[in-house]
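Working notes for the structure below.
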Amino acid sequence: MTDQPGVVVTGVSGRMGQMLVRELAAQDRLKLVGAVERAGHDWVGGDLGTCMGGAETGVTVTDDALEAFASAQAVIDFTTPDATVAFADLAAQARAVHVIGTTGLAPEHISRIDKAARHAVVIRAGNMSLGVNLLTVLTRKVAEALDADWDIEVVETHHNRKVDAPSGTALMLGEAAAQGRGVSLDAVSDRGRDGITGARKRGDIGFSAIRGGDVVGEHDVIFAAAGERIVLRHIASDRALFARGALRAALWGQDKGPGAYDMLDVLGLGDD
Ligand SMILES: NC(=O)C1=CN([C@@H]2O[C@H](COP(=O)(O)OP(=O)(O)OC[C@H]3O[C@@H](n4cnc5c(N)ncnc54)[C@H](O)[C@@H]3O)[C@@H](O)[C@H]2O)C=CC1
Ligand SMILES: O=C(O)C1=N[C@H](C(=O)O)C[C@H](O)C1
């Protein structure tokens, strides 16, 4: 196929980076044109395919993101908050669609990314799967329908290599619940219970994080009232679904104007 938009994958040796390379190889609507890793990483200077333990691909892993982005129509980025902020500036300079899966972003990171989105398309989501994005819509609707007699708790479980908590997905779900309630998440969020905490505050949205083994990602939104509970649950058992969502976003963004978008926009779940 001709005219495939070219994609650069950042953090290419990572769990998501390698999954993205495999998913790119399995389709023909986008083509991999570059692979970026952090300076000093073993893979820099090597052929990507060989580094991944397979056949040569002709794509050399680089730590020069600016040069790599210059020939790309999209950058897919699952790295770290500091790296992502730097890539947002560079992707905007290259006018490449920047798909951001990185989580653990602080408000300062987000405002730098939003600045870059004035000049280029930025699509950011703490979870790129259809199921989780649909779950945010359901969570908002359930929260809208119930009053604060229903305690809301978000519980997430991930593998033992995850470095941020609560997960980006848990925060998306908490945000959706707060929106449904018509409150600001910052005002009601309860993120760390330990010791004599006192009784739960009415209206709070609580977060709990479990870490262990190789769990890909599991999220429950619990609505608990006297005598009954509703549990909305998503279980991810394969990282490929996040990678496929990111590829879909990279394609979707090709004909959009500069701005900050999310997966609800990409999936057409944003209205109502
Ligand atoms: N939005 C979503 O659907 C999903 C988001 N994530 C998030 O994506 C991020 C990455 O997750 P994993 O792949 O599991 O982590 P990982 O630790 O396996 O991979 C991160 C990669 O980024 C690289 N990196 C760090 N700084 C860099 C720099 N300055 N330049 C280039 N590369 C750099 C690291 O060397 C590493 O290879 C995390 O924030 C995670 O929470 C993960 C899965 C799905
Ligand atoms: O780090 C991960 O692995 C994941 N991170 C994302 C998050 O923080 O929610 C998405 C997914 O749950 C896997």
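Please note that chains go A, B, ... in the order of the structure tokens, that every chain numbers its residues from 1, and that ligands are numbered from 1 in the order shown.
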Between chain A and ligand 1, at 6 Å or less, what are the per-residue closest atom pairs and their distances in Å? Count only C-alpha atoms and all ligand atoms, order by chain and rising residue number, and return it as JSON lines.
{"residue": "A:Thr10", "atom": "CA", "partner": "ligand 1", "partner_atom_place_in_ligand_line": "31 (C)", "distance": 5.4}
{"residue": "A:Gly11", "atom": "CA", "partner": "ligand 1", "partner_atom_place_in_ligand_line": "22 (O)", "distance": 3.4}
{"residue": "A:Val12", "atom": "CA", "partner": "ligand 1", "partner_atom_place_in_ligand_line": "37 (O)", "distance": 5.7}
{"residue": "A:Ser13", "atom": "CA", "partner": "ligand 1", "partner_atom_place_in_ligand_line": "37 (O)", "distance": 4.3}
{"residue": "A:Gly14", "atom": "CA", "partner": "ligand 1", "partner_atom_place_in_ligand_line": "19 (O)", "distance": 3.4}
{"residue": "A:Arg15", "atom": "CA", "partner": "ligand 1", "partner_atom_place_in_ligand_line": "13 (O)", "distance": 3.8}
{"residue": "A:Met16", "atom": "CA", "partner": "ligand 1", "partner_atom_place_in_ligand_line": "13 (O)", "distance": 3.7}
{"residue": "A:Gly17", "atom": "CA", "partner": "ligand 1", "partner_atom_place_in_ligand_line": "13 (O)", "distance": 5.8}
{"residue": "A:Val36", "atom": "CA", "partner": "ligand 1", "partner_atom_place_in_ligand_line": "31 (C)", "distance": 5.4}
{"residue": "A:Glu37", "atom": "CA", "partner": "ligand 1", "partner_atom_place_in_ligand_line": "31 (C)", "distance": 3.7}
{"residue": "A:Arg38", "atom": "CA", "partner": "ligand 1", "partner_atom_place_in_ligand_line": "30 (N)", "distance": 3.6}
{"residue": "A:Phe78", "atom": "CA", "partner": "ligand 1", "partner_atom_place_in_ligand_line": "8 (O)", "distance": 4.0}
{"residue": "A:Thr79", "atom": "CA", "partner": "ligand 1", "partner_atom_place_in_ligand_line": "22 (O)", "distance": 3.7}
{"residue": "A:Thr80", "atom": "CA", "partner": "ligand 1", "partner_atom_place_in_ligand_line": "25 (C)", "distance": 5.4}
{"residue": "A:Ala83", "atom": "CA", "partner": "ligand 1", "partner_atom_place_in_ligand_line": "29 (N)", "distance": 4.3}
{"residue": "A:Gly101", "atom": "CA", "partner": "ligand 1", "partner_atom_place_in_ligand_line": "1 (N)", "distance": 3.5}
{"residue": "A:Thr102", "atom": "CA", "partner": "ligand 1", "partner_atom_place_in_ligand_line": "39 (O)", "distance": 3.8}
{"residue": "A:Thr103", "atom": "CA", "partner": "ligand 1", "partner_atom_place_in_ligand_line": "39 (O)", "distance": 3.9}
{"residue": "A:Ala125", "atom": "CA", "partner": "ligand 1", "partner_atom_place_in_ligand_line": "1 (N)", "distance": 5.2}
{"residue": "A:Gly126", "atom": "CA", "partner": "ligand 1", "partner_atom_place_in_ligand_line": "1 (N)", "distance": 3.9}
{"residue": "A:Asn127", "atom": "CA", "partner": "ligand 1", "partner_atom_place_in_ligand_line": "3 (O)", "distance": 3.3}
{"residue": "A:Met128", "atom": "CA", "partner": "ligand 1", "partner_atom_place_in_ligand_line": "3 (O)", "distance": 3.9}
{"residue": "A:Phe242", "atom": "CA", "partner": "ligand 1", "partner_atom_place_in_ligand_line": "3 (O)", "distance": 4.6}
Considering only C-alpha atoms, tabulate each residue of stretch 174-221 of chain A that lies at most 8 Å from stretch 136-150 of chain A along with its nearest interatomic pair and the corresponding distance in Å to one decimal; arrange the rows by chain and ascending residue number and present them as a Markdown table.
| residue | atom | partner | partner_atom | distance |
| --- | --- | --- | --- | --- |
| A:Ala176 | CA | A:Arg140 | CA | 4.8 |
| A:Ala177 | CA | A:Arg140 | CA | 4.9 |
| A:Ala178 | CA | A:Arg140 | CA | 7.5 |
| A:Gln179 | CA | A:Arg140 | CA | 6.4 |
| A:Gly180 | CA | A:Glu144 | CA | 4.2 |
| A:Arg181 | CA | A:Glu144 | CA | 5.4 |
| A:Gly182 | CA | A:Glu144 | CA | 7.9 |
| A:Arg202 | CA | A:Ala148 | CA | 6.4 |
| A:Gly203 | CA | A:Ala148 | CA | 5.2 |
| A:Val221 | CA | A:Thr139 | CA | 7.4 |
Fill in the blank from the handout: One residue among A:Arg229, A:Arg239, A:Arg124, A:Lys201 is nearest to ligand 2 when using only C-alpha atoms and all ligand atoms, and that residue is A:Arg239
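Using only C-alpha atoms and all ligand atoms, residues with at least one atom at most 8 Å away from any atom of ligand 2 are A:Gly101, A:Thr102, A:Thr103, A:Gly104, A:Gly126, A:Asn127, A:Met128, A:His158, A:His159, A:Arg161, A:Lys162, A:Val163, A:Asp164, A:Ala165, A:Pro166, A:Ser167, A:Gly168, A:Thr169, A:Ala170, A:Leu171, A:Val216, A:Gly217, A:Glu218, A:His219, A:Ala236, A:Arg239, A:Phe242.
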Practice task
List the neighbours of stretch 249-266 of chain A out to 10 Å using only C-alpha atoms; skip same-chain residues closer than 6 positions along the sequence, and give me the result as a PyMOL selection string.
Solution key: chain A and resi 4-7+29-30+73-76+92+95-100+113-130+132-134+136-137+243
Handout entry: DSSP alpha helix (DSSP H) selection over stretch 26-260 of chain A, as a PyMOL selection string
Key = chain A and resi 48-51+65-70+81-93+107-116+130-145+168-181+185-188+240-252
With C-alpha atoms retained, could you export that selection as a PDB file, in the first residue's frame?
ATOM      1  CA  LEU A  48      15.460  -2.553  15.656  1.00  0.00           C
ATOM      2  CA  GLY A  49      14.614  -6.037  14.389  1.00  0.00           C
ATOM      3  CA  THR A  50      17.905  -7.476  15.617  1.00  0.00           C
ATOM      4  CA  CYS A  51      17.513  -5.748  18.989  1.00  0.00           C
ATOM      5  CA  ALA A  65      14.122  12.290  18.480  1.00  0.00           C
ATOM      6  CA  LEU A  66      14.202  15.577  16.558  1.00  0.00           C
ATOM      7  CA  GLU A  67      15.794  13.934  13.524  1.00  0.00           C
ATOM      8  CA  ALA A  68      13.519  10.876  13.723  1.00  0.00           C
ATOM      9  CA  PHE A  69      10.328  12.960  13.989  1.00  0.00           C
ATOM     10  CA  ALA A  70      11.270  15.095  10.955  1.00  0.00           C
ATOM     11  CA  PRO A  81       6.269  12.070  31.839  1.00  0.00           C
ATOM     12  CA  ASP A  82       9.499  14.064  31.327  1.00  0.00           C
ATOM     13  CA  ALA A  83      10.265  12.362  28.036  1.00  0.00           C
ATOM     14  CA  THR A  84       6.710  12.863  26.809  1.00  0.00           C
ATOM     15  CA  VAL A  85       6.780  16.589  27.516  1.00  0.00           C
ATOM     16  CA  ALA A  86      10.016  16.929  25.524  1.00  0.00           C
ATOM     17  CA  PHE A  87       8.551  14.830  22.676  1.00  0.00           C
ATOM     18  CA  ALA A  88       5.401  16.999  22.618  1.00  0.00           C
ATOM     19  CA  ASP A  89       7.507  20.046  21.683  1.00  0.00           C
ATOM     20  CA  LEU A  90       9.469  18.127  19.061  1.00  0.00           C
ATOM     21  CA  ALA A  91       6.409  16.450  17.520  1.00  0.00           C
ATOM     22  CA  ALA A  92       4.689  19.843  17.288  1.00  0.00           C
ATOM     23  CA  GLN A  93       7.759  21.286  15.513  1.00  0.00           C
ATOM     24  CA  PRO A 107      -0.561  19.089  35.989  1.00  0.00           C
ATOM     25  CA  GLU A 108       2.678  20.862  34.883  1.00  0.00           C
ATOM     26  CA  HIS A 109       3.305  18.128  32.298  1.00  0.00           C
ATOM     27  CA  ILE A 110      -0.250  18.381  31.018  1.00  0.00           C
ATOM     28  CA  SER A 111      -0.101  22.139  30.612  1.00  0.00           C
ATOM     29  CA  ARG A 112       3.146  21.825  28.578  1.00  0.00           C
ATOM     30  CA  ILE A 113       1.494  19.189  26.393  1.00  0.00           C
ATOM     31  CA  ASP A 114      -1.587  21.378  25.926  1.00  0.00           C
ATOM     32  CA  LYS A 115       0.705  24.210  24.792  1.00  0.00           C
ATOM     33  CA  ALA A 116       2.186  21.964  22.125  1.00  0.00           C
ATOM     34  CA  LEU A 130     -12.303   0.623  23.522  1.00  0.00           C
ATOM     35  CA  GLY A 131     -13.531  -1.223  26.628  1.00  0.00           C
ATOM     36  CA  VAL A 132     -12.080   1.214  29.152  1.00  0.00           C
ATOM     37  CA  ASN A 133     -13.214   4.268  27.214  1.00  0.00           C
ATOM     38  CA  LEU A 134     -16.719   2.841  27.073  1.00  0.00           C
ATOM     39  CA  LEU A 135     -16.458   2.141  30.801  1.00  0.00           C
ATOM     40  CA  THR A 136     -15.743   5.841  31.448  1.00  0.00           C
ATOM     41  CA  VAL A 137     -19.022   6.701  29.700  1.00  0.00           C
ATOM     42  CA  LEU A 138     -20.912   4.107  31.767  1.00  0.00           C
ATOM     43  CA  THR A 139     -19.247   5.295  34.975  1.00  0.00           C
ATOM     44  CA  ARG A 140     -20.296   8.878  34.318  1.00  0.00           C
ATOM     45  CA  LYS A 141     -23.881   7.801  33.631  1.00  0.00           C
ATOM     46  CA  VAL A 142     -24.129   5.613  36.745  1.00  0.00           C
ATOM     47  CA  ALA A 143     -22.646   8.385  38.912  1.00  0.00           C
ATOM     48  CA  GLU A 144     -25.139  10.828  37.413  1.00  0.00           C
ATOM     49  CA  ALA A 145     -28.019   8.540  38.355  1.00  0.00           C
ATOM     50  CA  GLY A 168      -3.970   6.618  34.393  1.00  0.00           C
ATOM     51  CA  THR A 169      -7.070   4.532  33.794  1.00  0.00           C
ATOM     52  CA  ALA A 170      -8.155   4.763  37.440  1.00  0.00           C
ATOM     53  CA  LEU A 171      -7.851   8.527  37.215  1.00  0.00           C
ATOM     54  CA  MET A 172      -9.905   8.593  33.989  1.00  0.00           C
ATOM     55  CA  LEU A 173     -12.609   6.546  35.735  1.00  0.00           C
ATOM     56  CA  GLY A 174     -12.489   8.746  38.840  1.00  0.00           C
ATOM     57  CA  GLU A 175     -12.748  11.835  36.635  1.00  0.00           C
ATOM     58  CA  ALA A 176     -15.772  10.349  34.862  1.00  0.00           C
ATOM     59  CA  ALA A 177     -17.444   9.577  38.205  1.00  0.00           C
ATOM     60  CA  ALA A 178     -16.755  13.109  39.452  1.00  0.00           C
ATOM     61  CA  GLN A 179     -18.183  14.566  36.233  1.00  0.00           C
ATOM     62  CA  GLY A 180     -21.316  12.466  36.684  1.00  0.00           C
ATOM     63  CA  ARG A 181     -21.654  13.809  40.222  1.00  0.00           C
ATOM     64  CA  LEU A 185     -12.219  15.222  41.334  1.00  0.00           C
ATOM     65  CA  ASP A 186      -9.494  17.201  43.105  1.00  0.00           C
ATOM     66  CA  ALA A 187     -12.008  18.219  45.785  1.00  0.00           C
ATOM     67  CA  VAL A 188     -13.238  14.684  46.574  1.00  0.00           C
ATOM     68  CA  ALA A 240      -1.977  -5.507  22.090  1.00  0.00           C
ATOM     69  CA  LEU A 241      -5.316  -3.799  22.647  1.00  0.00           C
ATOM     70  CA  PHE A 242      -3.594  -0.636  23.886  1.00  0.00           C
ATOM     71  CA  ALA A 243      -1.225  -0.702  20.909  1.00  0.00           C
ATOM     72  CA  ARG A 244      -4.083  -1.170  18.423  1.00  0.00           C
ATOM     73  CA  GLY A 245      -5.937   1.749  20.011  1.00  0.00           C
ATOM     74  CA  ALA A 246      -2.826   3.909  19.614  1.00  0.00           C
ATOM     75  CA  LEU A 247      -2.478   2.976  15.925  1.00  0.00           C
ATOM     76  CA  ARG A 248      -6.121   3.806  15.386  1.00  0.00           C
ATOM     77  CA  ALA A 249      -5.542   7.200  17.023  1.00  0.00           C
ATOM     78  CA  ALA A 250      -2.480   7.885  14.845  1.00  0.00           C
ATOM     79  CA  LEU A 251      -4.556   7.289  11.709  1.00  0.00           C
ATOM     80  CA  TRP A 252      -7.594   9.198  12.985  1.00  0.00           C
TER      81      TRP A 252
END
Practice task
Please identify all polymer residues within 10 Å of A:His41, counting only C-alpha atoms, omitting same-chain residues fewer than 6 positions from it, and present them as a PyMOL selection string.
Solution key: chain A and resi 13+61-63
Exercise for the section: Using DSSP on the backbone, list every residue of stretch 32-261 of chain A that comes out as strand (DSSP E or B), and give them as number ranges by chain. Expected result: A: 32-36, 47, 60-62, 74-77, 97-100, 121-124, 151-158, 189-190, 205-211, 217-225, 228-236, 259-261
Exercise for the section: Please provide the set of residues having any atom within 12 Å of A:Arg193, restricted to only C-alpha atoms, with same-chain residues fewer than 5 positions apart removed, written as a PyMOL selection string. Expected result: chain A and resi 198-200+206-209
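Going from atom CA of A:Val155 over to atom CA of A:Ser189, you cover 13.1 Å.
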Fill in the blank from the handout: In Å and to one decimal, atom CA of A:Val154 is distant from atom CA of A:Asp238 by 21.2 Å
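With only C-alpha atoms as the basis for measurement, A:Ala35 is the residue among A:Gly40, A:Met52, A:Thr60, A:Ala35 that approaches A:Asp77 most closely.
One finds atom CA of A:Ala225 at 17.7 Å from atom CA of A:Asp190.
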Problem - Of the listed residues A:Gly34, A:Gln18, A:Glu156, A:Gly58, that which approaches A:Arg211 most closely, counting only C-alpha atoms - result: A:Glu156
Practice task
Select, from A:Val33, A:Val44, A:Leu267, A:Ala224, the residue with the minimum atom-to-atom distance to A:Asp204, counting only C-alpha atoms.
Solution key: A:Ala224
